[in-house]
Amino acid sequence: RPNTRGKRDELTQVLNQLWQLDTNRLTPGTDYIISLQGRAGYVAQGSNYARDKARAPLFTYVNEEKLKSIETYAHFINLLDNYEMSTGVSEKVTLDELQENRLFIDSIVETDVMKCAHKYLVRKGQSPSDTKQFKKQLYDIWFRLYHRDRSGGEDSCGFEHVFVGETKFDQEIMGLHNWVQFYLQEKHGHVDYKGYKARDNKDTPDEDDHVLNLQFSWKGLVKPVGGSFIGVSPEFEVALFTIIFLMSNSKMTSVVVKVDEYMLELVVYRHGRSIGTSFPKLLSSNHRDL
């Protein structure tokens with residue numbers, strides 16, 4: 001089916017453009033240092049016991065001064081503080097928080113990454129060319145509150161799920177696919193990194209890899225495996241997942257693409273007109289043969 005291939009080549013091209021334009025991506029070994037340690041074992045879904053193969057934290061060092069000096073990260077970090085952890089607890093969205101959501105969107109739309117994504121989406125007929133309308137579209141995709149838990153009020157939004165993380169009936173972790181939140185939660189003692197996930201010994205990641213599959217616990221609940229970009233900017237993740245989200249109306253969209261040296265499966269679940277969840281799964285990387 002040449003049509004599908006053409007679509008994928010086009011997608012590969014735009015996602016790699018975003019990668020190249022991501023000037024706010026941090027440099028491993030300089031702006032931050034991670035310590036991968038041991039390879040995590042198997043954990044059954046729903047079990048909250050994982051053998052700890054990593055005694056130290058994943059993040060040895062992050063230059064927080066630098067993070068907070070970059071506008072998009074600064075707004076992003078403010079947003080992380082605004083969300084309630086339990087799904088089913090109705091979000092009380094204060095005016096200040098609404099303002100924070102908008103400031104974040106305003107700041108990312110100014111970046112070359114987002115401008116490139118916007119141009120592409122306009123060309124594909126997926127987004128309005130007017131910047132104000134585009135911001136509204138982004139707001140609906142990422143910040144519109146919806147019911148994730150049937151019994152409660154409007155308790156969740158795409159941003160919260162993907163970037164902040166939530167718990168479901170205090171039994172399992174959902175979301176939390178963002179490295180900045182992972183680092184901050186780890187620093188506060190809420191996240192315990194258990195080791196990296198890999199298929200076998202040939203598949204060992206590097207500490208300068210920008211995509212990892214991780215096993216960790218958060219406030220006592222175990223995430224058997226979570227894919228995460230490491231060191232990339234918030235605008236890069238929003239741009240990338242917005243593009244995948246708008247590609248189709250299916251409940252779940254999954255594409256396999258090569259971004260930089262990483263062969264990734266990018267997964268997006270939709271919740272009406274909003275993102276339910278989205279994450280990368282690392283399939284392989286250039287410097288190692290899978």
# chains A, B, ... in the order shown; residues from 1 in each chain; ligands from 1
call {"tool": "residues_around", "arguments": {"residues": "Lys197 in chain A", "least_positions_apart": "4", "cutoff": "7 Å", "atoms": "only C-alpha atoms", "output": "mmCIF file with N, CA and C atoms, in the first residue's frame"}}
result
data_model
loop_
_atom_site.group_PDB
_atom_site.id
_atom_site.type_symbol
_atom_site.label_atom_id
_atom_site.label_comp_id
_atom_site.auth_asym_id
_atom_site.auth_seq_id
_atom_site.Cartn_x
_atom_site.Cartn_y
_atom_site.Cartn_z
ATOM 1 N N ARG A 39 18.972 -3.685 34.887
ATOM 2 C CA ARG A 39 17.832 -3.955 34.032
ATOM 3 C C ARG A 39 16.670 -4.480 34.873
ATOM 4 N N ALA A 40 15.510 -3.845 34.750
ATOM 5 C CA ALA A 40 14.347 -4.198 35.572
ATOM 6 C C ALA A 40 13.778 -5.548 35.164
ATOM 7 N N ASN A 213 12.738 3.157 28.102
ATOM 8 C CA ASN A 213 11.624 2.430 28.717
ATOM 9 C C ASN A 213 12.021 2.190 30.172
ATOM 10 N N LEU A 214 11.188 2.659 31.092
ATOM 11 C CA LEU A 214 11.563 2.633 32.508
ATOM 12 C C LEU A 214 10.568 1.838 33.348
ATOM 13 N N GLN A 215 11.071 1.313 34.465
ATOM 14 C CA GLN A 215 10.181 0.731 35.468
ATOM 15 C C GLN A 215 10.383 1.543 36.741
ATOM 16 N N VAL A 225 6.234 -0.836 33.042
ATOM 17 C CA VAL A 225 7.086 -0.244 32.003
ATOM 18 C C VAL A 225 6.417 1.020 31.476
#
call {"tool": "residues_around", "arguments": {"residues": "range 51-67 of chain A", "least_positions_apart": "4", "cutoff": "6 Å", "atoms": "only C-alpha atoms", "output": "count of residues only"}}
result
12
call {"tool": "atom_distance", "arguments": {"atom1": "CA of Phe182 in chain A", "atom2": "CA of Glu261 in chain A"}}
result
23.2 Å
call {"tool": "residues_around", "arguments": {"residues": "Arg270 in chain A", "least_positions_apart": "3", "cutoff": "8 Å", "atoms": "only C-alpha atoms", "output": "MDAnalysis selection string"}}
result
chainID A and resid 245 249:252 273:277
call {"tool": "write_last_selection", "arguments": {"atoms": "all heavy atoms", "output": "short mmCIF file (atom, residue, chain, number, x, y, z; two decimals), in the first residue's frame"}}
result
data_model
loop_
_atom_site.label_atom_id
_atom_site.label_comp_id
_atom_site.auth_asym_id
_atom_site.auth_seq_id
_atom_site.Cartn_x
_atom_site.Cartn_y
_atom_site.Cartn_z
N PHE A 245 -2.17 12.68 17.19
CA PHE A 245 -3.57 12.73 17.60
C PHE A 245 -4.48 13.15 16.44
O PHE A 245 -5.54 12.58 16.23
CB PHE A 245 -3.73 13.72 18.76
CG PHE A 245 -5.16 13.97 19.18
CD1 PHE A 245 -5.83 13.04 19.96
CD2 PHE A 245 -5.82 15.13 18.81
CE1 PHE A 245 -7.15 13.27 20.36
CE2 PHE A 245 -7.14 15.36 19.20
CZ PHE A 245 -7.80 14.43 19.97
N ASN A 249 -9.16 9.58 13.61
CA ASN A 249 -10.23 9.68 14.60
C ASN A 249 -10.38 8.40 15.42
O ASN A 249 -11.32 8.26 16.18
CB ASN A 249 -11.57 9.97 13.91
CG ASN A 249 -11.61 11.40 13.41
OD1 ASN A 249 -11.13 12.30 14.09
ND2 ASN A 249 -12.13 11.60 12.21
N SER A 250 -9.46 7.47 15.22
CA SER A 250 -9.57 6.20 15.95
C SER A 250 -9.39 6.43 17.44
O SER A 250 -8.76 7.39 17.87
CB SER A 250 -8.48 5.22 15.50
OG SER A 250 -8.27 5.33 14.13
N LYS A 251 -9.91 5.48 18.19
CA LYS A 251 -9.76 5.52 19.65
C LYS A 251 -8.26 5.43 19.99
O LYS A 251 -7.79 6.06 20.93
CB LYS A 251 -10.50 4.31 20.24
CG LYS A 251 -10.53 4.28 21.74
CD LYS A 251 -11.81 4.91 22.30
CE LYS A 251 -11.82 4.89 23.82
NZ LYS A 251 -11.46 6.17 24.43
N MET A 252 -7.53 4.65 19.19
CA MET A 252 -6.09 4.51 19.44
C MET A 252 -5.35 4.64 18.12
O MET A 252 -5.72 4.03 17.14
CB MET A 252 -5.80 3.14 20.05
CG MET A 252 -4.45 3.03 20.70
SD MET A 252 -3.10 2.38 19.69
CE MET A 252 -3.55 0.71 19.48
N ARG A 273 -12.67 14.67 21.91
CA ARG A 273 -11.82 15.58 21.13
C ARG A 273 -10.52 15.89 21.85
O ARG A 273 -9.82 16.85 21.50
CB ARG A 273 -12.58 16.89 20.86
CG ARG A 273 -13.68 16.73 19.79
CD ARG A 273 -14.32 18.06 19.57
NE ARG A 273 -14.57 18.70 20.86
CZ ARG A 273 -15.06 19.93 21.02
NH1 ARG A 273 -15.34 20.65 20.00
NH2 ARG A 273 -15.26 20.42 22.23
N SER A 274 -10.24 15.14 22.87
CA SER A 274 -9.03 15.41 23.66
C SER A 274 -8.13 14.18 23.68
O SER A 274 -8.54 13.09 23.32
CB SER A 274 -9.43 15.76 25.09
OG SER A 274 -10.37 16.81 25.09
N ILE A 275 -6.91 14.39 24.16
CA ILE A 275 -5.97 13.28 24.29
C ILE A 275 -6.26 12.53 25.58
O ILE A 275 -6.41 13.14 26.64
CB ILE A 275 -4.52 13.81 24.25
CG1 ILE A 275 -4.13 14.07 22.78
CG2 ILE A 275 -3.55 12.85 24.93
CD1 ILE A 275 -2.68 14.41 22.55
N GLY A 276 -6.38 11.21 25.47
CA GLY A 276 -6.56 10.38 26.66
C GLY A 276 -5.19 10.08 27.25
O GLY A 276 -4.90 10.35 28.40
N THR A 277 -4.32 9.54 26.42
CA THR A 277 -2.93 9.38 26.83
C THR A 277 -2.07 9.30 25.58
O THR A 277 -2.56 9.04 24.48
CB THR A 277 -2.69 8.15 27.72
OG1 THR A 277 -1.35 8.22 28.23
CG2 THR A 277 -2.84 6.84 26.97
#
call {"tool": "residues_around", "arguments": {"residues": "Val164 in chain A", "least_positions_apart": "3", "cutoff": "7 Å", "atoms": "only C-alpha atoms", "output": "PyMOL selection string"}}
result
chain A and resi 80+160-161+176+181
call {"tool": "write_last_selection", "arguments": {"atoms": "all heavy atoms", "output": "short mmCIF file (atom, residue, chain, number, x, y, z; two decimals), in the first residue's frame"}}
result
data_model
loop_
_atom_site.label_atom_id
_atom_site.label_comp_id
_atom_site.auth_asym_id
_atom_site.auth_seq_id
_atom_site.Cartn_x
_atom_site.Cartn_y
_atom_site.Cartn_z
N LEU A 80 2.76 21.71 36.45
CA LEU A 80 2.88 20.41 37.14
C LEU A 80 2.38 20.53 38.57
O LEU A 80 1.84 19.57 39.13
CB LEU A 80 4.34 19.93 37.13
CG LEU A 80 4.94 19.57 35.77
CD1 LEU A 80 6.40 19.18 35.91
CD2 LEU A 80 4.16 18.45 35.09
N GLU A 160 -2.73 16.50 32.02
CA GLU A 160 -2.52 15.92 33.34
C GLU A 160 -2.10 14.46 33.22
O GLU A 160 -1.16 14.01 33.87
CB GLU A 160 -3.79 16.00 34.17
CG GLU A 160 -3.59 15.34 35.52
CD GLU A 160 -4.79 15.43 36.42
OE1 GLU A 160 -5.89 15.71 35.91
OE2 GLU A 160 -4.61 15.21 37.62
N HIS A 161 -2.82 13.73 32.37
CA HIS A 161 -2.54 12.31 32.26
C HIS A 161 -1.12 12.06 31.75
O HIS A 161 -0.36 11.28 32.32
CB HIS A 161 -3.54 11.64 31.34
CG HIS A 161 -3.31 10.18 31.27
ND1 HIS A 161 -3.79 9.32 32.22
CD2 HIS A 161 -2.59 9.43 30.43
CE1 HIS A 161 -3.38 8.10 31.94
NE2 HIS A 161 -2.66 8.14 30.85
N LEU A 176 2.12 9.70 33.51
CA LEU A 176 3.46 10.07 34.00
C LEU A 176 4.52 9.62 32.99
O LEU A 176 5.33 8.75 33.28
CB LEU A 176 3.76 9.51 35.40
CG LEU A 176 4.69 10.37 36.27
CD1 LEU A 176 4.77 9.88 37.69
CD2 LEU A 176 6.07 10.59 35.74
N GLN A 181 8.73 15.87 35.14
CA GLN A 181 7.89 15.45 36.26
C GLN A 181 8.52 14.26 36.99
O GLN A 181 8.52 14.21 38.22
CB GLN A 181 6.48 15.08 35.75
CG GLN A 181 5.55 14.42 36.77
CD GLN A 181 5.06 15.35 37.87
OE1 GLN A 181 5.69 16.36 38.16
NE2 GLN A 181 3.96 15.00 38.50
#
call {"tool": "atom_distance", "arguments": {"atom1": "CA of Lys115 in chain A", "atom2": "CA of Leu79 in chain A"}}
result
21.8 Å
call {"tool": "atom_distance", "arguments": {"atom1": "CA of Leu26 in chain A", "atom2": "CA of Pro205 in chain A"}}
result
18.0 Å
